[in-house]
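A.B. asks: So here's work.tsv, just TSV, C-alpha atoms:
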```tsv
chain	number	residue	atom	x	y	z
A	1	MET	CA	-29.30	7.03	7.75
A	2	LYS	CA	-27.94	10.48	8.32
A	3	ALA	CA	-26.40	11.79	5.14
A	4	ILE	CA	-22.67	12.61	5.01
A	5	LEU	CA	-22.48	15.89	3.17
A	6	ARG	CA	-19.48	17.55	1.57
A	7	LYS	CA	-19.03	20.61	-0.57
A	8	ILE	CA	-19.22	20.00	-4.32
A	9	TRP	CA	-18.61	22.10	-7.41
A	10	ALA	CA	-21.68	23.67	-9.02
A	11	PRO	CA	-22.20	26.37	-11.64
A	12	ARG	CA	-22.24	29.89	-10.22
A	13	GLY	CA	-25.73	30.81	-9.09
A	14	CYS	CA	-26.92	27.18	-8.86
A	15	ARG	CA	-27.37	25.53	-5.51
A	16	PRO	CA	-26.53	21.80	-5.52
A	17	ILE	CA	-29.17	19.52	-4.03
A	18	ALA	CA	-28.50	16.49	-1.87
A	19	GLN	CA	-31.39	14.27	-0.87
A	20	GLY	CA	-31.84	13.48	2.78
A	21	HIS	CA	-34.38	12.42	5.34
A	22	HIS	CA	-34.95	13.82	8.81
A	23	ARG	CA	-35.70	10.47	10.43
A	24	PHE	CA	-32.59	8.46	11.03
A	25	GLN	CA	-31.74	4.80	11.25
A	26	TRP	CA	-28.26	3.74	12.17
A	27	LEU	CA	-25.70	1.33	10.86
A	28	TYR	CA	-22.31	1.06	12.56
A	29	LEU	CA	-19.00	0.09	11.04
A	30	TYR	CA	-16.26	-1.37	13.22
A	31	GLY	CA	-12.82	-1.35	11.69
A	32	PHE	CA	-9.71	-3.04	13.04
A	33	VAL	CA	-6.43	-2.13	11.37
A	34	ARG	CA	-2.85	-3.31	11.62
A	35	PRO	CA	-1.02	-0.13	10.56
A	36	ALA	CA	2.31	-1.83	9.82
A	37	THR	CA	0.79	-4.09	7.14
A	38	GLY	CA	-2.43	-2.36	6.14
A	39	GLU	CA	-4.51	-5.42	7.05
A	40	VAL	CA	-8.10	-4.60	8.05
A	41	VAL	CA	-11.01	-6.51	9.53
A	42	TRP	CA	-14.50	-5.01	9.20
A	43	PHE	CA	-17.82	-5.60	10.95
A	44	ILE	CA	-21.08	-3.85	10.04
A	45	VAL	CA	-23.72	-3.97	12.78
A	46	ASP	CA	-26.99	-2.26	13.62
A	47	THR	CA	-26.21	-1.21	17.19
A	48	VAL	CA	-23.34	-0.23	19.47
A	49	ASP	CA	-23.19	-1.55	23.01
A	50	THR	CA	-21.10	-3.74	25.26
A	51	ALA	CA	-22.84	-7.00	24.30
A	52	VAL	CA	-22.31	-6.40	20.58
A	53	LEU	CA	-18.69	-5.34	21.10
A	54	SER	CA	-18.10	-8.57	23.07
A	55	LEU	CA	-19.39	-10.57	20.09
A	56	ILE	CA	-17.30	-8.53	17.66
A	57	LEU	CA	-14.16	-8.98	19.75
A	58	ALA	CA	-14.75	-12.76	19.79
A	59	ALA	CA	-15.18	-12.79	15.99
A	60	PHE	CA	-12.12	-10.57	15.56
A	61	ALA	CA	-10.02	-12.87	17.76
A	62	ARG	CA	-11.10	-15.87	15.64
A	63	ASP	CA	-10.36	-14.00	12.39
A	64	VAL	CA	-6.82	-13.05	13.41
A	65	GLY	CA	-6.05	-16.25	15.31
A	66	ALA	CA	-5.69	-14.67	18.76
A	67	GLY	CA	-5.46	-17.10	21.63
A	68	ALA	CA	-2.99	-18.77	23.95
A	69	ASP	CA	-0.30	-18.84	21.24
A	70	LYS	CA	-0.94	-15.45	19.64
A	71	HIS	CA	-1.34	-12.25	21.62
A	72	ILE	CA	-3.00	-9.15	20.10
A	73	ILE	CA	-2.85	-5.68	21.63
A	74	LEU	CA	-5.92	-3.74	20.55
A	75	VAL	CA	-5.71	0.05	20.88
A	76	LEU	CA	-9.09	1.67	21.62
A	77	ASP	CA	-10.49	5.03	22.54
A	78	ARG	CA	-12.37	5.47	25.81
A	79	ALA	CA	-15.93	5.02	24.58
A	80	GLY	CA	-18.18	3.72	27.36
A	81	TRP	CA	-18.82	0.35	25.73
A	82	HIS	CA	-15.06	-0.14	25.24
A	83	ARG	CA	-14.37	0.22	28.99
A	84	SER	CA	-17.41	-1.52	30.45
A	85	GLY	CA	-16.81	-4.07	33.17
A	86	ALA	CA	-19.32	-6.31	31.38
A	87	LEU	CA	-17.17	-6.46	28.23
A	88	ALA	CA	-16.01	-10.00	27.43
A	89	VAL	CA	-12.44	-9.83	26.13
A	90	PRO	CA	-11.34	-13.07	24.46
A	91	GLU	CA	-8.16	-14.92	25.32
A	92	GLY	CA	-5.18	-13.53	23.45
A	93	VAL	CA	-6.61	-10.02	23.15
A	94	GLU	CA	-5.43	-7.24	25.43
A	95	LEU	CA	-7.09	-3.82	25.37
A	96	MET	CA	-4.94	-0.71	25.57
A	97	PHE	CA	-6.70	2.64	25.90
A	98	LEU	CA	-5.63	5.93	24.39
A	99	PRO	CA	-5.73	9.13	26.44
A	100	SER	CA	-9.13	10.79	26.61
A	101	TYR	CA	-10.12	13.13	23.77
A	102	SER	CA	-7.29	12.05	21.46
A	103	PRO	CA	-8.88	10.55	18.33
A	104	GLU	CA	-6.13	12.04	16.16
A	105	ILE	CA	-3.65	9.46	17.47
A	106	GLN	CA	-5.95	6.47	16.79
A	107	PRO	CA	-4.99	4.87	13.46
A	108	ALA	CA	-8.48	3.42	12.95
A	109	GLU	CA	-9.94	6.94	12.92
A	110	ARG	CA	-8.16	7.47	9.60
A	111	LEU	CA	-10.25	4.65	8.06
A	112	TRP	CA	-13.57	6.51	8.18
A	113	PRO	CA	-12.91	9.05	5.40
A	114	LEU	CA	-11.93	6.10	3.18
A	115	THR	CA	-15.10	4.14	3.99
A	116	ASN	CA	-17.31	7.22	3.62
A	117	GLU	CA	-16.18	7.94	0.05
A	118	PRO	CA	-18.97	6.06	-1.80
A	119	ILE	CA	-21.73	7.34	0.51
A	120	VAL	CA	-20.93	11.05	0.56
A	121	ASN	CA	-23.84	13.14	-0.76
A	122	GLU	CA	-25.83	9.95	-1.41
A	123	TYR	CA	-29.29	9.01	-0.17
A	124	PHE	CA	-30.19	5.41	0.65
A	125	GLU	CA	-33.80	4.24	0.83
A	126	THR	CA	-33.02	1.39	3.24
A	127	LEU	CA	-30.32	0.26	5.62
A	128	ASP	CA	-29.85	-2.79	3.39
A	129	ASP	CA	-28.88	-0.49	0.50
A	130	LEU	CA	-26.37	1.32	2.70
A	131	ASN	CA	-25.09	-1.99	4.09
A	132	GLU	CA	-24.46	-3.27	0.56
A	133	VAL	CA	-22.51	-0.17	-0.48
A	134	LEU	CA	-20.46	-0.13	2.74
A	135	GLY	CA	-19.78	-3.85	2.46
A	136	GLN	CA	-18.51	-3.45	-1.09
A	137	ARG	CA	-16.33	-0.52	-0.04
A	138	CYS	CA	-14.85	-2.50	2.85
A	139	CYS	CA	-14.01	-5.38	0.48
A	140	ILE	CA	-12.30	-2.97	-1.90
A	141	LEU	CA	-10.31	-1.39	0.94
A	142	ALA	CA	-9.32	-4.81	2.33
A	143	ASP	CA	-7.68	-5.48	-1.03
A	144	GLU	CA	-5.71	-2.21	-0.84
A	145	PRO	CA	-3.28	-2.69	2.09
A	146	ASP	CA	-0.87	-0.05	0.76
A	147	LEU	CA	-3.65	2.56	0.78
A	148	ILE	CA	-4.68	1.56	4.32
A	149	LYS	CA	-1.06	1.60	5.47
A	150	ALA	CA	-0.51	5.06	3.94
A	151	HIS	CA	-3.41	6.43	5.97
A	152	THR	CA	-2.88	4.63	9.28
A	153	LEU	CA	0.86	4.06	9.81
A	154	PHE	CA	1.99	7.14	11.67
A	155	HIS	CA	5.74	7.74	11.70
A	156	TRP	CA	5.82	7.15	15.46
A	157	TRP	CA	3.65	3.99	15.41
A	158	PRO	CA	5.50	0.72	16.15
A	159	ALA	CA	6.16	-1.13	12.87
A	160	TYR	CA	5.82	-4.71	14.10
A	161	ASN	CA	5.00	-7.31	11.49
```
Take the structure in the file and write it out as structure tokens.

C.D. replies:
Amino acid sequence: MKAILRKIWAPRGCRPIAQGHHRFQWLYLYGFVRPATGEVVWFIVDTVDTAVLSLILAAFARDVGAGADKHIILVLDRAGWHRSGALAVPEGVELMFLPSYSPEIQPAERLWPLTNEPIVNEYFETLDDLNEVLGQRCCILADEPDLIKAHTLFHWWPAYN
């Protein structure tokens, strides 16, 4: 659990203290967003690889009803596990890849500052503690489609409903 640190206000001459630990454990948050509506689907997992992404894509397809009658275009960056030949892409989901080194045009990248808000400058004893806080934050954000839309709907992004 690598701390996310930000600058904070402190009295002049006082150095603020943020707890941390130099041994890290990881928790990964996958976020799928529909910029035109602000709808989000979240998955919190303990690893990132092709097998896990295949499972997440299957769960995502079920959640949004993708299949023979409903086609979803999923825009992704070019991370290795996104492009692997071993990736199982469910029926009804088509992957479209952004140009290399262009995270600023990926709407989902704008989700991370929103999800990080409750964990900035915080220390968590266990991954379960972090998982609980992130899960609560994701639930709150899922109920705020206008906030999500304001952060992810770029003026040039297609506004399909």

A.B. asks: For A:Leu27, please output as a ChimeraX atom specification all residues within 12 Å (counting all atoms listed in the file; exclusion window: fewer than 4 positions along the same chain).

C.D. replies: /A:1-3,43-48,124,126-135

A.B. asks: Go ahead and compute the interatomic distance for atom CA of A:Gly80 and atom CA of A:Ser54, in Å to one decimal.

C.D. replies: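 One can read the atom CA of A:Gly80 to atom CA of A:Ser54 distance as 13.0 Å.
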
A.B. asks: Using all atoms listed in the file, pick whichever of A:Glu109, A:Glu125, A:Glu144, A:Glu117 has the shortest atom-to-atom distance to A:Gly31.

C.D. replies: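 Going through A:Glu109, A:Glu125, A:Glu144, A:Glu117 one by one, the smallest distance to A:Gly31 is for A:Glu109.
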
A.B. asks: Nearest to A:Thr50 among A:Lys149, A:Arg110, A:His82, A:Arg62, with distances taken over all atoms listed in the file: which residue is it?

C.D. replies: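 Of A:Lys149, A:Arg110, A:His82, A:Arg62, the one nearest A:Thr50 is A:His82, counting all atoms listed in the file.
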
A.B. asks: A:Glu39: which residues within 9 Å, counting all atoms listed in the file, same-chain residues fewer than 4 positions away excluded, as a PyMOL selection string?

C.D. replies: chain A and resi 32-35+142-145+148-149

A.B. asks: Would you list the contacts of A:Cys138 as a PDB file with C-alpha atoms, in the frame of the given file, taking every protein, DNA or RNA residue within 9 Å and counting all atoms listed in the file, but skipping same-chain residues closer than 6 positions in sequence?

C.D. replies:
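Okay, this is what ended up in around24.pdb:
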```pdb
ATOM      1  CA  VAL A  40      -8.100  -4.600   8.050  1.00  0.00           C
ATOM      2  CA  VAL A  41     -11.010  -6.510   9.530  1.00  0.00           C
ATOM      3  CA  TRP A  42     -14.500  -5.010   9.200  1.00  0.00           C
ATOM      4  CA  THR A 115     -15.100   4.140   3.990  1.00  0.00           C
TER       5      THR A 115
END
```

A.B. asks: Would you mind reading off the distance between atom CA of A:Leu53 and atom CA of A:Met96, one decimal, in Å?

C.D. replies: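 Atom-to-atom, atom CA of A:Leu53 to atom CA of A:Met96, that is 15.2 Å.
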
A.B. asks: Which one is closest to A:Arg78: A:Trp112, A:Tyr123, A:Tyr101, A:Tyr30? Count all atoms listed in the file.

C.D. replies: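 Using all atoms listed in the file, the shortest distance to A:Arg78 belongs to A:Tyr101.
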
A.B. asks: Report the distance between atom CA of A:Glu104 and atom CA of A:Gly65 in Å, rounded to one decimal place.

C.D. replies: 28.3 Å

A.B. asks: Give the answer as one residue: which of A:Ile140, A:Val52, A:Thr37, A:Ala61 has the shortest atom-to-atom distance to A:Trp81, using only C-alpha atoms?

C.D. replies: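 For A:Trp81, the nearest of the candidates is A:Val52.
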
A.B. asks: Leaving out A:Leu76 and any residue of its chain fewer than 6 positions from it, which residues lie within 9 Å of it when counting only C-alpha atoms, given as a compact mmCIF listing (two decimals) with C-alpha atoms, in the frame of the given file?

C.D. replies:
```txt
# COMPACT_ATOMS: atom_id res chain seq x y z
CA HIS A 82 -15.06 -0.14 25.24
CA LEU A 95 -7.09 -3.82 25.37
CA MET A 96 -4.94 -0.71 25.57
CA PHE A 97 -6.70 2.64 25.90
CA LEU A 98 -5.63 5.93 24.39
CA GLN A 106 -5.95 6.47 16.79
CA ALA A 108 -8.48 3.42 12.95
```

A.B. asks: Counting only C-alpha atoms, which residue out of A:Leu29, A:Ile56, A:Leu74, A:Val93 sits closest to A:Asn116?

C.D. replies: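 Ranked by minimum distance to A:Asn116, first place goes to A:Leu29.
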